[in-house]
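Chemist: Coordinates in start_29.txt, compact mmCIF, C-alpha atoms, are listed below.
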```
# COMPACT_ATOMS: atom_id res chain seq x y z
CA MET A 1 -5.56 24.40 -17.45
CA SER A 2 -7.37 22.23 -14.91
CA TYR A 3 -10.23 19.89 -15.69
CA VAL A 4 -11.85 17.00 -13.83
CA ALA A 5 -10.97 13.62 -15.25
CA ARG A 6 -11.78 10.02 -14.55
CA ILE A 7 -8.93 8.15 -16.11
CA ASP A 8 -8.67 4.39 -16.06
CA ARG A 9 -5.69 3.77 -18.35
CA PRO A 10 -2.42 3.90 -16.38
CA ALA A 11 -0.54 5.87 -19.06
CA ASP A 12 -3.32 8.49 -19.25
CA LYS A 13 -3.49 8.71 -15.47
CA ALA A 14 0.28 9.16 -15.19
CA ALA A 15 0.19 11.90 -17.83
CA ARG A 16 -2.63 13.70 -15.99
CA TYR A 17 -0.69 13.54 -12.72
CA SER A 18 2.33 15.07 -14.48
CA GLU A 19 0.19 17.94 -15.78
CA VAL A 20 -1.38 18.59 -12.38
CA GLU A 21 2.00 18.36 -10.64
CA ALA A 22 3.38 21.07 -12.93
CA GLU A 23 0.32 23.25 -12.26
CA ILE A 24 0.60 22.80 -8.48
CA LEU A 25 4.32 23.54 -8.44
CA ALA A 26 3.77 26.69 -10.51
CA VAL A 27 1.04 27.96 -8.18
CA LEU A 28 3.14 27.22 -5.08
CA GLU A 29 6.35 28.81 -6.35
CA GLY A 30 7.61 31.13 -3.62
CA GLU A 31 4.95 30.11 -1.07
CA GLY A 32 6.58 28.81 2.10
CA ASN A 33 3.57 28.46 4.39
CA ARG A 34 2.82 24.78 4.98
CA VAL A 35 -0.93 25.25 5.51
CA ALA A 36 -1.25 27.22 2.28
CA ARG A 37 0.69 24.51 0.46
CA MET A 38 -1.56 21.77 1.89
CA ALA A 39 -4.74 23.67 1.04
CA THR A 40 -3.57 24.22 -2.52
CA VAL A 41 -2.56 20.60 -3.07
CA ALA A 42 -5.88 19.31 -1.68
CA SER A 43 -7.91 21.76 -3.75
CA MET A 44 -6.12 21.28 -7.04
CA LEU A 45 -5.99 17.48 -6.85
CA SER A 46 -9.63 17.29 -5.80
CA ASP A 47 -10.50 19.40 -8.80
CA ALA A 48 -8.37 17.35 -11.21
CA PHE A 49 -9.71 13.81 -10.74
CA GLU A 50 -13.31 12.65 -10.70
CA ASP A 51 -12.56 9.79 -8.31
CA TYR A 52 -11.24 12.16 -5.62
CA PHE A 53 -14.29 12.18 -3.32
CA TRP A 54 -12.50 13.29 -0.12
CA THR A 55 -9.05 14.83 -0.47
CA GLY A 56 -6.92 16.22 2.30
CA PHE A 57 -4.34 16.12 5.01
CA TYR A 58 -4.22 14.79 8.52
CA VAL A 59 -1.40 16.60 10.31
CA VAL A 60 0.77 15.17 13.07
CA ASP A 61 -0.33 16.94 16.27
CA PRO A 62 2.88 18.04 18.03
CA ASP A 63 1.04 18.45 21.34
CA ARG A 64 -0.44 14.95 21.40
CA GLY A 65 2.37 12.79 20.12
CA ARG A 66 1.19 9.88 18.03
CA GLU A 67 -2.03 11.42 16.80
CA LEU A 68 -3.21 13.02 13.58
CA VAL A 69 -5.56 15.99 13.47
CA VAL A 70 -7.57 17.00 10.42
CA GLY A 71 -5.91 19.63 8.28
CA PRO A 72 -6.79 21.31 4.98
CA TYR A 73 -9.18 19.22 2.89
CA GLN A 74 -11.90 19.17 0.24
CA GLY A 75 -15.02 17.09 0.81
CA THR A 76 -17.52 16.14 3.45
CA LEU A 77 -16.79 16.30 7.17
CA GLY A 78 -13.60 14.42 8.02
CA CYS A 79 -12.67 12.66 11.21
CA LEU A 80 -11.18 15.20 13.60
CA ARG A 81 -8.48 12.99 15.14
CA ILE A 82 -6.93 9.64 14.25
CA ALA A 83 -4.41 7.74 16.39
CA PHE A 84 -1.29 6.31 14.77
CA GLY A 85 -1.99 2.69 13.86
CA ARG A 86 -5.77 3.18 13.60
CA GLY A 87 -7.49 2.92 10.22
CA VAL A 88 -5.82 3.55 6.88
CA CYS A 89 -4.47 6.99 7.83
CA GLY A 90 -3.11 5.69 11.12
CA ALA A 91 -1.48 2.76 9.33
CA ALA A 92 0.31 5.13 6.93
CA ALA A 93 1.47 7.28 9.86
CA GLU A 94 2.59 4.24 11.87
CA THR A 95 4.52 2.55 9.05
CA GLY A 96 5.63 5.58 7.06
CA ARG A 97 4.44 3.76 3.94
CA THR A 98 1.74 4.50 1.38
CA GLN A 99 -1.45 2.52 1.86
CA VAL A 100 -3.50 1.63 -1.25
CA VAL A 101 -6.80 0.04 -0.23
CA GLU A 102 -9.04 -1.31 -3.00
CA ASP A 103 -11.94 -2.03 -0.63
CA VAL A 104 -12.03 -0.07 2.63
CA HIS A 105 -14.65 -2.43 4.06
CA ALA A 106 -12.08 -5.24 3.94
CA PHE A 107 -9.41 -3.17 5.73
CA PRO A 108 -9.15 -4.18 9.41
CA GLY A 109 -10.04 -1.23 11.62
CA HIS A 110 -11.14 1.06 8.79
CA ILE A 111 -12.62 4.30 10.13
CA ALA A 112 -15.79 5.24 8.24
CA CYS A 113 -15.81 9.05 8.37
CA ASP A 114 -18.22 8.95 5.40
CA GLY A 115 -20.06 5.72 4.56
CA ARG A 116 -19.86 6.41 0.82
CA SER A 117 -16.12 5.76 0.78
CA GLU A 118 -15.25 2.51 -1.03
CA SER A 119 -11.49 2.77 -1.67
CA GLU A 120 -8.67 4.89 -0.33
CA ILE A 121 -5.05 5.88 -0.74
CA VAL A 122 -3.02 7.46 2.06
CA VAL A 123 0.50 8.80 1.51
CA PRO A 124 2.81 9.80 4.36
CA VAL A 125 4.22 13.32 4.04
CA PHE A 126 7.74 14.09 5.24
CA ASP A 127 9.59 17.37 5.71
CA SER A 128 13.10 18.09 4.45
CA ALA A 129 14.61 16.46 7.57
CA GLY A 130 12.65 13.24 6.95
CA ALA A 131 10.20 13.74 9.82
CA LEU A 132 6.56 12.75 9.32
CA ILE A 133 4.47 15.94 9.24
CA ALA A 134 1.16 14.62 7.88
CA VAL A 135 -0.58 12.03 5.77
CA PHE A 136 -2.39 12.83 2.54
CA ASP A 137 -5.69 10.96 2.31
CA VAL A 138 -7.90 10.44 -0.73
CA ASP A 139 -11.17 8.51 -0.67
CA ALA A 140 -13.22 7.37 -3.66
CA THR A 141 -16.82 6.21 -3.95
CA ARG A 142 -15.88 3.23 -6.12
CA LYS A 143 -13.80 0.19 -5.25
CA GLY A 144 -10.34 -0.12 -6.77
CA ALA A 145 -10.04 3.55 -7.73
CA PHE A 146 -6.35 3.76 -6.74
CA ASP A 147 -3.28 1.83 -7.83
CA ALA A 148 0.50 1.99 -8.11
CA VAL A 149 0.27 4.88 -10.61
CA ASP A 150 -1.55 7.00 -8.01
CA ALA A 151 0.90 5.98 -5.28
CA GLU A 152 3.99 6.83 -7.32
CA ALA A 153 2.61 10.14 -8.58
CA LEU A 154 1.39 11.30 -5.18
CA GLU A 155 4.61 10.27 -3.42
CA ARG A 156 6.64 12.23 -5.98
CA LEU A 157 4.40 15.31 -5.80
CA LEU A 158 4.26 15.42 -2.01
CA ALA A 159 8.03 15.01 -1.75
CA ARG A 160 8.53 17.93 -4.15
CA VAL A 161 6.04 20.14 -2.28
CA PHE A 162 7.04 19.41 1.33
CA SER A 163 10.69 18.30 1.49
```
Would you mind writing the structure in this file as structure tokens?
Modeler:
Amino acid sequence: MSYVARIDRPADKAARYSEVEAEILAVLEGEGNRVARMATVASMLSDAFEDYFWTGFYVVDPDRGRELVVGPYQGTLGCLRIAFGRGVCGAAAETGRTQVVEDVHAFPGHIACDGRSESEIVVPVFDSAGALIAVFDVDATRKGAFDAVDAEALERLLARVFS
């Protein structure tokens, strides 16, 4: 059963991620379409956590090389395209590493798609061959909304869903 939660204690947050992961995996069982999988993950995670203000994917554009294009998401209008290395999403794509940003205004080159964003986490998404296919981006309207618990849980979930 899904419910929106703002959870500040790491143990409670980890437990909530485990519950949501099980729900997502159950819903996606047998679904092979990548877009459907992305849309479901974005929707269910957005619905599960109060701090998830903007939740979605930027997909590697195979026709434009080192560029991300907006994919399935929940929230206000997102940036349409982001170059590798630009902003938090571009940094995750460039490095292949999760970016946890407590204060987006202090992040060099942050792209303000929505001025209400205060903190952000971006997780690279890899396919079964280890190729980068997207980044998963979550913005929050409060500073310091994301931490190592979020990073670990999202990395695990996205690996289970896409590789």
Chemist: Would you list the residues near (-6.3, 4.7, -6.7), meaning any protein, DNA or RNA residue with an atom at most 12 Å from that point in file coordinates, counting only C-alpha atoms, as a PyMOL selection string?
Modeler: chain A and resi 6-10+13-14+49-53+98-104+118-123+137-154
Chemist: Excluding Phe162 in chain A and its own-chain neighbours fewer than 2 positions away, which residues fall within 12 Å of it when counting all atoms listed in the file? Please give them as a ChimeraX atom specification.
Modeler: /A:25,28,31-38,41,124-136,154-160
Chemist: Excluding Ser43 in chain A and residues on its chain fewer than 4 positions from it, collect all residues at most 9 Å away from it, counting all atoms listed in the file, and give them as a VMD selection string.
Modeler: chain A and resid 38 to 39 47 to 48 55 to 56 72 to 74
Chemist: Identify which of the residues A:His110, A:Arg81, A:Arg116, A:His105 lies closest to Gly65 in chain A, counting only C-alpha atoms when measuring atom-to-atom distances.
Modeler: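 Counting only C-alpha atoms, the residue closest to Gly65 in chain A is A:Arg81.
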Chemist: Please, what distance in Å, to one decimal, runs between CA of Met44 in chain A and CA of Ala22 in chain A?
Modeler: 11.2 Å
Chemist: Just to confirm, what's the straight-line distance from CA of Val70 in chain A to CA of Phe57 in chain A in Å (one decimal)?
Modeler: 6.4 Å
